[in-house]
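Chemist: This is protein_2.pdb (PDB, C-alpha atoms and all ligand atoms).
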ATOM      1  CA  MET A   1      80.973  71.820  99.426
ATOM      2  CA  THR A   2      83.747  74.070  98.367
ATOM      3  CA  ALA A   3      84.347  77.519  96.886
ATOM      4  CA  HIS A   4      87.090  79.423  95.131
ATOM      5  CA  ILE A   5      90.649  79.952  96.370
ATOM      6  CA  ASN A   6      91.091  82.941  98.742
ATOM      7  CA  ALA A   7      87.410  82.681  99.563
ATOM      8  CA  ASP A   8      85.742  86.093  99.755
ATOM      9  CA  GLY A   9      82.543  87.130 101.535
ATOM     10  CA  ASP A  10      80.262  85.533  98.945
ATOM     11  CA  ALA A  11      82.321  82.323  98.739
ATOM     12  CA  VAL A  12      82.446  81.783 102.518
ATOM     13  CA  SER A  13      78.780  82.722 102.959
ATOM     14  CA  SER A  14      77.578  80.460 100.168
ATOM     15  CA  VAL A  15      79.551  77.471 101.494
ATOM     16  CA  LEU A  16      78.130  78.064 104.979
ATOM     17  CA  ALA A  17      74.580  78.571 103.667
ATOM     18  CA  MET A  18      74.760  75.356 101.633
ATOM     19  CA  GLY A  19      76.112  73.574 104.729
ATOM     20  CA  TYR A  20      73.182  74.970 106.714
ATOM     21  CA  VAL A  21      70.752  73.622 104.113
ATOM     22  CA  LEU A  22      72.288  70.127 104.097
ATOM     23  CA  ARG A  23      72.238  70.073 107.898
ATOM     24  CA  GLU A  24      68.530  70.921 107.800
ATOM     25  CA  LEU A  25      68.024  68.093 105.300
ATOM     26  CA  ASN A  26      70.032  65.672 107.497
ATOM     27  CA  LYS A  27      72.603  65.059 104.780
ATOM     28  CA  ALA A  28      76.174  64.246 105.817
ATOM     29  CA  HIS A  29      78.511  66.814 104.337
ATOM     30  CA  LEU A  30      81.916  68.454 104.577
ATOM     31  CA  LEU A  31      82.841  72.112 104.010
ATOM     32  CA  ILE A  32      86.339  72.469 102.613
ATOM     33  CA  LEU A  33      88.328  75.418 101.266
ATOM     34  CA  ASN A  34      91.818  75.687  99.800
ATOM     35  CA  GLU A  35      93.075  77.702 102.791
ATOM     36  CA  PRO A  36      91.658  78.867 106.150
ATOM     37  CA  ALA A  37      88.761  81.301 105.734
ATOM     38  CA  ASN A  38      89.230  84.874 106.913
ATOM     39  CA  GLU A  39      88.354  85.208 110.621
ATOM     40  CA  LYS A  40      86.178  88.235 109.911
ATOM     41  CA  TYR A  41      83.483  85.810 108.772
ATOM     42  CA  SER A  42      83.556  83.947 112.091
ATOM     43  CA  PHE A  43      80.316  85.698 113.150
ATOM     44  CA  LEU A  44      78.510  83.461 110.644
ATOM     45  CA  GLN A  45      77.062  80.263 112.060
ATOM     46  CA  GLY A  46      79.030  77.122 111.230
ATOM     47  CA  PHE A  47      82.282  78.974 110.538
ATOM     48  CA  PRO A  48      84.376  76.614 112.753
ATOM     49  CA  ASP A  49      83.160  73.662 110.658
ATOM     50  CA  ILE A  50      85.073  74.833 107.583
ATOM     51  CA  ARG A  51      87.987  72.488 106.890
ATOM     52  CA  THR A  52      91.116  73.228 104.909
ATOM     53  CA  ALA A  53      92.696  71.254 102.073
ATOM     54  CA  GLY A  54      95.362  69.060 103.653
ATOM     55  CA  SER A  55      93.287  68.340 106.765
ATOM     56  CA  VAL A  56      91.101  65.791 104.984
ATOM     57  CA  ASP A  57      92.040  62.271 103.983
ATOM     58  CA  ALA A  58      89.282  61.032 101.680
ATOM     59  CA  LYS A  59      87.895  61.325  98.174
ATOM     60  CA  TYR A  60      84.379  62.586  97.542
ATOM     61  CA  ASN A  61      81.928  61.647  94.819
ATOM     62  CA  ASN A  62      79.304  64.306  95.339
ATOM     63  CA  ILE A  63      80.613  67.832  95.217
ATOM     64  CA  ILE A  64      78.896  71.199  95.276
ATOM     65  CA  THR A  65      81.111  74.030  94.075
ATOM     66  CA  LEU A  66      80.004  77.532  94.969
ATOM     67  CA  ASP A  67      81.101  80.848  93.453
ATOM     68  CA  SER A  68      83.776  79.051  91.361
ATOM     69  CA  PRO A  69      83.886  79.725  87.609
ATOM     70  CA  GLY A  70      86.161  76.760  86.904
ATOM     71  CA  LEU A  71      87.676  73.758  88.640
ATOM     72  CA  THR A  72      91.152  75.329  88.634
ATOM     73  CA  ARG A  73      89.701  77.943  91.009
ATOM     74  CA  ILE A  74      89.191  75.388  93.794
ATOM     75  CA  ALA A  75      92.942  74.703  93.696
ATOM     76  CA  ALA A  76      94.095  71.972  96.120
ATOM     77  CA  VAL A  77      90.509  70.884  96.819
ATOM     78  CA  ASN A  78      90.702  69.106  93.442
ATOM     79  CA  ASP A  79      92.740  66.431  95.258
ATOM     80  CA  TYR A  80      89.594  65.327  97.106
ATOM     81  CA  LEU A  81      87.416  64.755  94.048
ATOM     82  CA  ALA A  82      86.898  61.074  93.261
ATOM     83  CA  ASP A  83      87.215  59.960  89.631
ATOM     84  CA  SER A  84      83.498  59.173  89.601
ATOM     85  CA  ARG A  85      82.669  62.733  90.594
ATOM     86  CA  PHE A  86      79.203  64.226  90.412
ATOM     87  CA  ILE A  87      79.521  67.975  90.569
ATOM     88  CA  ILE A  88      76.793  70.531  91.161
ATOM     89  CA  ASN A  89      78.147  73.889  90.043
ATOM     90  CA  ILE A  90      76.377  76.915  91.555
ATOM     91  CA  ASP A  91      77.819  80.243  90.476
ATOM     92  CA  HIS A  92      77.240  83.704  89.034
ATOM     93  CA  HIS A  93      80.517  84.381  87.152
ATOM     94  CA  PHE A  94      79.814  85.023  83.472
ATOM     95  CA  ASP A  95      82.929  83.064  82.445
ATOM     96  CA  ASN A  96      81.808  79.925  84.311
ATOM     97  CA  THR A  97      82.804  76.918  82.197
ATOM     98  CA  ASN A  98      79.734  74.829  83.165
ATOM     99  CA  PHE A  99      82.035  72.058  84.368
ATOM    100  CA  GLY A 100      79.375  70.434  86.552
ATOM    101  CA  TYR A 101      76.958  67.604  85.935
ATOM    102  CA  ILE A 102      74.341  70.076  87.068
ATOM    103  CA  ASN A 103      75.097  73.745  86.432
ATOM    104  CA  ILE A 104      73.106  76.450  88.182
ATOM    105  CA  VAL A 105      74.834  79.470  86.719
ATOM    106  CA  THR A 106      72.896  82.735  86.498
ATOM    107  CA  GLY A 107      73.506  86.457  86.232
ATOM    108  CA  ALA A 108      72.760  86.993  89.923
ATOM    109  CA  SER A 109      74.847  89.594  91.717
ATOM    110  CA  SER A 110      76.116  86.986  94.189
ATOM    111  CA  THR A 111      76.086  83.219  94.630
ATOM    112  CA  THR A 112      74.053  83.582  97.830
ATOM    113  CA  GLU A 113      71.368  85.300  95.735
ATOM    114  CA  ILE A 114      71.063  82.016  93.781
ATOM    115  CA  LEU A 115      70.967  80.035  97.043
ATOM    116  CA  TYR A 116      68.096  82.236  98.227
ATOM    117  CA  ASP A 117      65.973  80.799  95.395
ATOM    118  CA  LEU A 118      67.073  77.214  96.100
ATOM    119  CA  ILE A 119      66.302  77.580  99.793
ATOM    120  CA  GLY A 120      62.879  78.981  98.924
ATOM    121  CA  GLU A 121      62.152  76.039  96.640
ATOM    122  CA  LEU A 122      63.158  73.628  99.416
ATOM    123  CA  GLY A 123      60.650  75.350 101.680
ATOM    124  CA  LEU A 124      63.180  76.056 104.416
ATOM    125  CA  THR A 125      62.701  78.928 106.850
ATOM    126  CA  PHE A 126      65.101  81.839 106.781
ATOM    127  CA  THR A 127      66.355  82.003 110.347
ATOM    128  CA  ARG A 128      68.495  84.936 111.454
ATOM    129  CA  GLU A 129      71.616  82.790 111.002
ATOM    130  CA  LEU A 130      70.759  81.745 107.460
ATOM    131  CA  ALA A 131      69.578  85.251 106.547
ATOM    132  CA  GLU A 132      72.948  86.676 107.629
ATOM    133  CA  MET A 133      74.778  84.277 105.304
ATOM    134  CA  ILE A 134      72.618  85.224 102.323
ATOM    135  CA  TYR A 135      72.865  88.932 103.145
ATOM    136  CA  THR A 136      76.653  88.819 103.655
ATOM    137  CA  GLY A 137      77.203  87.297 100.206
ATOM    138  CA  ILE A 138      75.042  89.969  98.598
ATOM    139  CA  VAL A 139      76.568  92.969 100.337
ATOM    140  CA  PHE A 140      80.092  91.658  99.781
ATOM    141  CA  ASP A 141      79.725  91.145  96.039
ATOM    142  CA  THR A 142      77.710  94.322  95.451
ATOM    143  CA  GLY A 143      79.961  96.481  97.653
ATOM    144  CA  VAL A 144      76.895  97.143  99.799
ATOM    145  CA  TYR A 145      74.651  97.844  96.811
ATOM    146  CA  ARG A 146      77.084 100.165  95.068
ATOM    147  CA  PHE A 147      78.489  98.166  92.130
ATOM    148  CA  SER A 148      76.694  98.223  88.799
ATOM    149  CA  ILE A 149      76.193  94.429  88.950
ATOM    150  CA  THR A 150      73.704  94.984  91.789
ATOM    151  CA  THR A 151      70.381  93.538  90.676
ATOM    152  CA  GLU A 152      66.958  94.764  91.739
ATOM    153  CA  ARG A 153      66.463  91.362  93.336
ATOM    154  CA  ALA A 154      69.515  91.939  95.520
ATOM    155  CA  TYR A 155      67.615  94.802  97.184
ATOM    156  CA  THR A 156      64.429  92.756  97.499
ATOM    157  CA  ILE A 157      66.253  89.792  99.005
ATOM    158  CA  GLY A 158      68.231  92.115 101.296
ATOM    159  CA  ALA A 159      64.969  93.534 102.623
ATOM    160  CA  GLN A 160      63.643  90.030 103.241
ATOM    161  CA  MET A 161      66.840  89.010 105.037
ATOM    162  CA  LYS A 162      66.538  92.098 107.228
ATOM    163  CA  ARG A 163      62.954  91.093 108.008
ATOM    164  CA  ALA A 164      64.174  87.560 108.833
ATOM    165  CA  GLY A 165      66.408  89.085 111.495
ATOM    166  CA  ALA A 166      69.766  89.589 109.784
ATOM    167  CA  ARG A 167      71.826  92.024 111.867
ATOM    168  CA  ILE A 168      72.794  94.312 109.002
ATOM    169  CA  ASP A 169      74.928  96.548 111.225
ATOM    170  CA  GLN A 170      76.859  93.522 112.528
ATOM    171  CA  VAL A 171      77.444  92.270 109.002
ATOM    172  CA  ALA A 172      78.833  95.644 107.854
ATOM    173  CA  GLU A 173      80.937  95.981 110.989
ATOM    174  CA  ASN A 174      82.464  92.504 110.692
ATOM    175  CA  VAL A 175      82.927  92.406 106.941
ATOM    176  CA  PHE A 176      83.981  95.961 106.101
ATOM    177  CA  LEU A 177      84.717  98.074 109.159
ATOM    178  CA  SER A 178      86.959  96.067 111.508
ATOM    179  CA  LYS A 179      90.689  96.200 110.835
ATOM    180  CA  ASP A 180      93.521  95.424 113.181
ATOM    181  CA  TYR A 181      96.420  97.797 113.873
ATOM    182  CA  ASP A 182      98.890  96.004 111.570
ATOM    183  CA  THR A 183      96.427  96.013 108.694
ATOM    184  CA  ILE A 184      95.870  99.791 108.963
ATOM    185  CA  LYS A 185      99.598 100.565 109.347
ATOM    186  CA  LEU A 186     100.533  98.407 106.368
ATOM    187  CA  MET A 187      97.759  99.955 104.279
ATOM    188  CA  ALA A 188      99.075 103.436 105.073
ATOM    189  CA  HIS A 189     102.578 102.344 104.017
ATOM    190  CA  SER A 190     101.291 100.813 100.807
ATOM    191  CA  LEU A 191      99.142 103.820  99.841
ATOM    192  CA  THR A 192     102.002 106.230 100.568
ATOM    193  CA  ALA A 193     104.042 104.484  97.855
ATOM    194  CA  LEU A 194     101.190 104.764  95.307
ATOM    195  CA  LYS A 195     102.429 105.192  91.727
ATOM    196  CA  THR A 196     100.421 106.251  88.687
ATOM    197  CA  HIS A 197     101.014 105.437  85.019
ATOM    198  CA  LEU A 198      99.535 106.237  81.589
ATOM    199  CA  SER A 199      98.546 109.802  82.457
ATOM    200  CA  GLY A 200      97.099 108.923  85.844
ATOM    201  CA  ARG A 201      94.698 106.355  84.459
ATOM    202  CA  VAL A 202      96.490 103.374  86.012
ATOM    203  CA  ALA A 203      97.558 103.276  89.653
ATOM    204  CA  VAL A 204      99.640 100.660  91.441
ATOM    205  CA  ILE A 205     100.187  99.766  95.074
ATOM    206  CA  SER A 206     102.002  96.757  96.472
ATOM    207  CA  VAL A 207     102.852  94.843  99.618
ATOM    208  CA  THR A 208     106.086  92.864  99.762
ATOM    209  CA  LYS A 209     107.077  90.231 102.284
ATOM    210  CA  GLN A 210     109.670  92.712 103.567
ATOM    211  CA  ASP A 211     106.931  95.329 104.165
ATOM    212  CA  ILE A 212     105.016  92.767 106.218
ATOM    213  CA  ARG A 213     108.142  91.823 108.202
ATOM    214  CA  ASP A 214     108.896  95.513 108.878
ATOM    215  CA  ILE A 215     105.408  96.558 109.943
ATOM    216  CA  CYS A 216     103.352  93.593 111.083
ATOM    217  CA  SER A 217     103.550  91.200 113.998
ATOM    218  CA  LYS A 218     100.930  88.930 112.478
ATOM    219  CA  GLU A 219      99.384  88.257 109.083
ATOM    220  CA  PRO A 220      97.631  91.427 107.850
ATOM    221  CA  ASP A 221      94.345  91.409 105.945
ATOM    222  CA  VAL A 222      95.150  93.189 102.685
ATOM    223  CA  GLY A 223      91.887  92.174 100.999
ATOM    224  CA  ASP A 224      90.408  95.634 100.495
ATOM    225  CA  TYR A 225      93.440  97.883 100.076
ATOM    226  CA  ILE A 226      92.549  98.130  96.405
ATOM    227  CA  ASN A 227      89.199  99.711  97.295
ATOM    228  CA  TYR A 228      91.045 102.751  98.633
ATOM    229  CA  LEU A 229      93.200 102.906  95.501
ATOM    230  CA  MET A 230      90.084 102.964  93.339
ATOM    231  CA  MET A 231      88.941 106.205  95.002
ATOM    232  CA  LEU A 232      91.670 108.051  93.078
ATOM    233  CA  LYS A 233      90.107 110.554  90.680
ATOM    234  CA  GLY A 234      90.676 109.737  87.010
ATOM    235  CA  ILE A 235      91.659 106.121  87.628
ATOM    236  CA  LYS A 236      90.590 103.527  85.060
ATOM    237  CA  VAL A 237      92.643 100.554  86.215
ATOM    238  CA  GLY A 238      93.863  99.777  89.719
ATOM    239  CA  ILE A 239      96.573  97.213  90.424
ATOM    240  CA  PHE A 240      97.367  95.768  93.818
ATOM    241  CA  MET A 241     100.069  93.152  94.166
ATOM    242  CA  THR A 242     100.963  91.125  97.239
ATOM    243  CA  GLU A 243     104.090  89.018  97.491
ATOM    244  CA  ILE A 244     102.911  85.563  98.537
ATOM    245  CA  ASP A 245     106.226  83.776  98.019
ATOM    246  CA  ASP A 246     109.700  85.210  97.403
ATOM    247  CA  GLY A 247     109.461  87.037  94.064
ATOM    248  CA  PHE A 248     105.983  85.654  93.409
ATOM    249  CA  PHE A 249     103.007  87.997  93.544
ATOM    250  CA  ARG A 250      99.247  87.710  93.630
ATOM    251  CA  VAL A 251      97.947  90.530  91.441
ATOM    252  CA  SER A 252      94.473  92.029  91.848
ATOM    253  CA  LEU A 253      93.070  94.161  89.049
ATOM    254  CA  ARG A 254      90.064  96.481  89.213
ATOM    255  CA  SER A 255      88.543  98.781  86.682
ATOM    256  CA  LYS A 256      86.290 101.783  86.533
ATOM    257  CA  HIS A 257      84.104 102.795  83.621
ATOM    258  CA  GLU A 258      84.260 100.541  80.596
ATOM    259  CA  PHE A 259      87.745  99.072  80.861
ATOM    260  CA  ASP A 260      87.794  95.253  80.853
ATOM    261  CA  VAL A 261      90.447  93.928  83.267
ATOM    262  CA  GLN A 262      89.486  90.344  82.574
ATOM    263  CA  LYS A 263      91.400  90.677  79.274
ATOM    264  CA  ILE A 264      94.501  91.794  81.149
ATOM    265  CA  ALA A 265      94.220  88.980  83.707
ATOM    266  CA  ALA A 266      93.669  86.440  80.905
ATOM    267  CA  ALA A 267      96.856  87.593  79.134
ATOM    268  CA  PHE A 268      98.724  86.362  82.240
ATOM    269  CA  ASN A 269      96.733  83.142  82.738
ATOM    270  CA  GLY A 270      94.467  84.730  85.324
ATOM    271  CA  GLY A 271      90.716  85.164  85.465
ATOM    272  CA  GLY A 272      87.854  87.201  86.786
ATOM    273  CA  HIS A 273      85.317  89.475  85.190
ATOM    274  CA  LYS A 274      85.183  92.857  83.528
ATOM    275  CA  LYS A 275      85.481  94.957  86.674
ATOM    276  CA  ALA A 276      87.685  92.718  88.821
ATOM    277  CA  GLY A 277      90.249  90.099  88.001
ATOM    278  CA  GLY A 278      93.509  88.638  89.124
ATOM    279  CA  CYS A 279      96.559  86.651  88.179
ATOM    280  CA  ARG A 280      99.857  85.487  89.658
ATOM    281  CA  LEU A 281     103.203  86.759  88.376
ATOM    282  CA  LYS A 282     106.893  86.293  89.078
ATOM    283  CA  GLY A 283     109.331  89.190  89.362
ATOM    284  CA  SER A 284     109.934  92.370  91.314
ATOM    285  CA  VAL A 285     107.224  94.996  91.847
ATOM    286  CA  ASN A 286     108.783  97.116  89.065
ATOM    287  CA  GLU A 287     109.092  94.212  86.618
ATOM    288  CA  ILE A 288     105.515  93.100  87.181
ATOM    289  CA  THR A 289     104.274  96.689  86.904
ATOM    290  CA  ASP A 290     106.052  97.022  83.511
ATOM    291  CA  MET A 291     104.531  93.780  82.237
ATOM    292  CA  LEU A 292     101.027  94.842  83.254
ATOM    293  CA  ILE A 293     101.362  98.414  81.986
ATOM    294  CA  ASN A 294     102.554  97.168  78.591
ATOM    295  CA  GLU A 295      99.495  94.959  78.316
ATOM    296  CA  ILE A 296      97.078  97.633  79.572
ATOM    297  CA  ARG A 297      98.562 100.178  77.139
ATOM    298  CA  LYS A 298      97.339  98.027  74.218
ATOM    299  CA  HIS A 299      93.765  98.408  75.442
ATOM    300  CA  LEU A 300      93.880 102.047  76.581
ATOM    301  CA  PRO A 301      94.073 104.236  73.454
ATOM    302  CA  ASN A 302      95.833 107.613  73.030
ATOM    303  CA  THR A 303      98.301 107.058  75.782
ATOM    304  CA  ALA A 304     101.553 108.841  76.354
TER     305      ALA A 304
HETATM  306 MN    MN B 401      80.594  85.833  94.133
END
Kindly return the structure encoded in the file as structure tokens.
Ligand SMILES: [Mn+2]

Modeler:
Amino acid sequence: MTAHINADGDAVSSVLAMGYVLRELNKAHLLILNEPANEKYSFLQGFPDIRTAGSVDAKYNNIITLDSPGLTRIAAVNDYLADSRFIINIDHHFDNTNFGYINIVTGASSTTEILYDLIGELGLTFTRELAEMIYTGIVFDTGVYRFSITTERAYTIGAQMKRAGARIDQVAENVFLSKDYDTIKLMAHSLTALKTHLSGRVAVISVTKQDIRDICSKEPDVGDYINYLMMLKGIKVGIFMTEIDDGFFRVSLRSKHEFDVQKIAAAFNGGGHKKAGGCRLKGSVNEITDMLINEIRKHLPNTA
């Protein structure tokens, strides 16, 4: 089982939930991600079982990909797929390329919402542990039932997971409300340097390797800085870039209202969906900002 690069709350939860299911069915299996999963998900059962690409020395025939719209999104995990691969592709991204032998791709608000149905069909019991995995995927991808992608079923399933014993306060605390000192300090630094473009409709924040060296004693968790940026009144597009290698940035794009950031990400060989996307770009913060603004300008009419 694997999920997309930089696994988020839905990706980690769906890998763990699928692992739980295979354990219940007495099927040998391996959970593997491109890089170590974020420690904030360590409250979920089975978290220590997740392996990282590079720590495995075998090829696998039977693969379940979760929350991954395409095979490029599993990155280095591709190295462990045997030529005679049989892939089951379980996902909810609308741009999923149906690359599997079996494709279970729906318009659910999270991948764990799809797993809820599979688990029901298998007749397995939702224990507290399993319920917390399903619930975590849902609340992560719906922003705790705030995003417009939230389905009615997401509420229904959430209620059932609560009934099954999911500690909803623990999930919120671990996933959204626990940040270490370095992460808060770096976020403050990043937000202080906020810049707006195109009449305040586009806003940019960044984190460079130098910022991290100056402020942090260990690796910060920058995953939701962009959520604070998106609170800016009048914003249509939010850009957050993190330097992951010298002069090489991971760019996260978010939109409000009807703007489609997937088009912007695609122009730079990235991916995502209408409201959230990403790509990787080379250059300085200013150079990358210029490139992105020039592209966004084409899609945002009547701009100074
Ligand atoms: Mn997802």

Chemist: With only C-alpha atoms and all ligand atoms counted, collect every polymer residue having an atom within 12 Å of ligand MN 401 (chain B); state the result as a PyMOL selection string.

Modeler: chain A and resi 3-15+65-69+90-94+96+105-115+134+136-143+149-150+272-273+276

Chemist: Suppose you want the space between CA of Lys233 in chain A and CA of Phe259 in chain A; what is it in Å?

Modeler: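 Rounded to one decimal, the two atoms are 15.3 Å apart.
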
Chemist: From the options A:Lys236, A:Lys40, A:Arg146, A:Arg85, which residue's atoms come nearest to Ser199 in chain A, counting all atoms listed in the file?

Modeler: A:Lys236

Chemist: Given the point (102.0, 96.3, 98.5) in the coordinates of this file, which residues lie within 8 Å, counting all atoms listed in the file, and how would they look as an MDAnalysis selection string?

Modeler: chainID A and resid 190 205:208 211 240:243

Chemist: Quick one: distance from CA of Val171 in chain A to CA of Leu25 in chain A in Å, one decimal?

Modeler: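 Computing the Euclidean distance for CA of Val171 in chain A and CA of Leu25 in chain A yields 26.2 Å.
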
Chemist: Specify as a PyMOL selection string each residue included when the PyMOL selection byres (((chain A and resi 275) around 10) and not hetatm) is applied to this file.

Modeler: chain A and resi 147-149+237+253-262+272-274+276-277

Chemist: Closest to Glu121 in chain A among A:Leu191, A:Tyr225, A:Tyr60, A:Val21, using all atoms listed in the file?

Modeler: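 Answer, going by the shortest atom-to-atom distance: A:Val21.
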
Chemist: If we count all atoms listed in the file and set the cut-off at 8 Å, which residues sit around Phe99 in chain A, ignoring sequence neighbours fewer than 2 positions away in its own chain? Please answer as a list in words.

Modeler: Gly70, Leu71, Ile87, Asn89, Asn96, Thr97, Tyr101 and Asn103 of chain A

Chemist: Take the selection from the previous step and output its residues with C-alpha atoms, as a PDB file, in the frame of the given file.

Modeler:
ATOM      1  CA  GLY A  70      86.161  76.760  86.904  1.00  0.00           C
ATOM      2  CA  LEU A  71      87.676  73.758  88.640  1.00  0.00           C
ATOM      3  CA  ILE A  87      79.521  67.975  90.569  1.00  0.00           C
ATOM      4  CA  ASN A  89      78.147  73.889  90.043  1.00  0.00           C
ATOM      5  CA  ASN A  96      81.808  79.925  84.311  1.00  0.00           C
ATOM      6  CA  THR A  97      82.804  76.918  82.197  1.00  0.00           C
ATOM      7  CA  TYR A 101      76.958  67.604  85.935  1.00  0.00           C
ATOM      8  CA  ASN A 103      75.097  73.745  86.432  1.00  0.00           C
TER       9      ASN A 103
END

Chemist: Using only C-alpha atoms, which of A:Ile184, A:Ala154, A:Ala166, A:Leu31 sits nearest Asp117 in chain A?

Modeler: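 With only C-alpha atoms as the atom set, the closest residue is A:Ala154.
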
Chemist: Please write the residues picked by the PyMOL selection byres (((chain A and resi 174) around 12) and not hetatm) on this file as a VMD selection string.

Modeler: chain A and resid 9 38 to 44 132 136 139 to 140 167 to 173 175 to 180

Chemist: Record the distance separating CA of Ser84 in chain A and CA of Met1 in chain A, expressed in Å with one decimal.

Modeler: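 These two atoms are separated by 16.2 Å.
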
Chemist: Excluding Thr52 in chain A and its own-chain neighbours fewer than 6 positions away, which residues fall within 8 Å of it when counting all atoms listed in the file? Please give them as a PyMOL selection string.

Modeler: chain A and resi 32-36

Chemist: For a quick check of understanding, using only C-alpha atoms, which of A:Leu122, A:Gly247, A:Asn269, A:Thr196 has the smallest distance to Leu22 in chain A?

Modeler: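 Of all the options, A:Leu122 lies closest to Leu22 in chain A.
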
Chemist: Could you tell me which residues the PyMOL selection byres (((chain A and resi 248) around 9) and not hetatm) returns for this structure, as a PyMOL selection string?

Modeler: chain A and resi 242-247+249-250+280-284

Chemist: Restricting it to C-alpha atoms, dump the selection as a PDB file, in the frame of the given file.

Modeler:
ATOM      1  CA  THR A 242     100.963  91.125  97.239  1.00  0.00           C
ATOM      2  CA  GLU A 243     104.090  89.018  97.491  1.00  0.00           C
ATOM      3  CA  ILE A 244     102.911  85.563  98.537  1.00  0.00           C
ATOM      4  CA  ASP A 245     106.226  83.776  98.019  1.00  0.00           C
ATOM      5  CA  ASP A 246     109.700  85.210  97.403  1.00  0.00           C
ATOM      6  CA  GLY A 247     109.461  87.037  94.064  1.00  0.00           C
ATOM      7  CA  PHE A 249     103.007  87.997  93.544  1.00  0.00           C
ATOM      8  CA  ARG A 250      99.247  87.710  93.630  1.00  0.00           C
ATOM      9  CA  ARG A 280      99.857  85.487  89.658  1.00  0.00           C
ATOM     10  CA  LEU A 281     103.203  86.759  88.376  1.00  0.00           C
ATOM     11  CA  LYS A 282     106.893  86.293  89.078  1.00  0.00           C
ATOM     12  CA  GLY A 283     109.331  89.190  89.362  1.00  0.00           C
ATOM     13  CA  SER A 284     109.934  92.370  91.314  1.00  0.00           C
TER      14      SER A 284
END

Chemist: From the list A:Leu118, A:Val204, A:His29, A:Leu300, which residue is nearest Ile288 in chain A when using only C-alpha atoms?

Modeler: A:Val204

Chemist: Hey, which of A:Gly238, A:Pro220, A:Gly271, A:Gly278 ends up closest to Ile293 in chain A? Count all atoms listed in the file.

Modeler: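 The answer is A:Gly238, which sits nearest to Ile293 in chain A.
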
Chemist: I'd like the contact shell of Tyr80 in chain A - 6 Å cut-off, all atoms listed in the file, skipping same-chain residues fewer than 2 positions apart - returned as a PyMOL selection string.

Modeler: chain A and resi 59-60+77-78

Chemist: Compile the contact shell of Leu16 in chain A as a ChimeraX atom specification: residues with an atom at most 9 Å away, counting all atoms listed in the file, same-chain residues fewer than 6 positions apart removed.

Modeler: /A:1,31,44-47,49-50,130,133

Chemist: Show me, as AutoDock Vina command-line options, the centre and edge lengths in Å to one decimal of the axis-aligned box that covers every listed atom of range 46-64 of chain A with 4 Å on each side.

Modeler:
--center_x 87.1 --center_y 70.0 --center_z 103.8 --size_x 24.5 --size_y 25.9 --size_z 25.9

Chemist: Restrict the output to range 149-161 of chain A and N, CA and C atoms, then write it as a compact mmCIF listing (two decimals), in the first residue's frame.

Modeler:
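Done, and the output landed in result_17.txt:
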# COMPACT_ATOMS: atom_id res chain seq x y z
N ILE A 149 -16.13 20.92 -1.01
CA ILE A 149 -16.13 19.53 -1.46
C ILE A 149 -16.78 18.59 -0.44
N THR A 150 -17.05 19.10 0.75
CA THR A 150 -17.64 18.26 1.81
C THR A 150 -18.97 17.69 1.34
N THR A 151 -19.06 16.36 1.33
CA THR A 151 -20.31 15.72 0.91
C THR A 151 -21.22 15.51 2.12
N GLU A 152 -22.50 15.30 1.84
CA GLU A 152 -23.43 14.98 2.92
C GLU A 152 -22.99 13.70 3.63
N ARG A 153 -22.49 12.77 2.81
CA ARG A 153 -22.05 11.48 3.39
C ARG A 153 -20.92 11.67 4.38
N ALA A 154 -20.07 12.68 4.13
CA ALA A 154 -18.95 12.92 5.04
C ALA A 154 -19.47 13.17 6.45
N TYR A 155 -20.59 13.92 6.55
CA TYR A 155 -21.20 14.16 7.87
C TYR A 155 -21.75 12.86 8.44
N THR A 156 -22.46 12.11 7.60
CA THR A 156 -23.08 10.86 8.07
C THR A 156 -22.01 9.90 8.58
N ILE A 157 -20.95 9.75 7.78
CA ILE A 157 -19.88 8.83 8.17
C ILE A 157 -19.18 9.34 9.43
N GLY A 158 -18.98 10.66 9.50
CA GLY A 158 -18.36 11.25 10.69
C GLY A 158 -19.14 10.91 11.94
N ALA A 159 -20.47 11.02 11.83
CA ALA A 159 -21.33 10.69 12.98
C ALA A 159 -21.17 9.22 13.36
N GLN A 160 -21.10 8.36 12.35
CA GLN A 160 -20.94 6.93 12.65
C GLN A 160 -19.57 6.64 13.28
N MET A 161 -18.54 7.36 12.83
CA MET A 161 -17.21 7.14 13.40
C MET A 161 -17.17 7.61 14.85
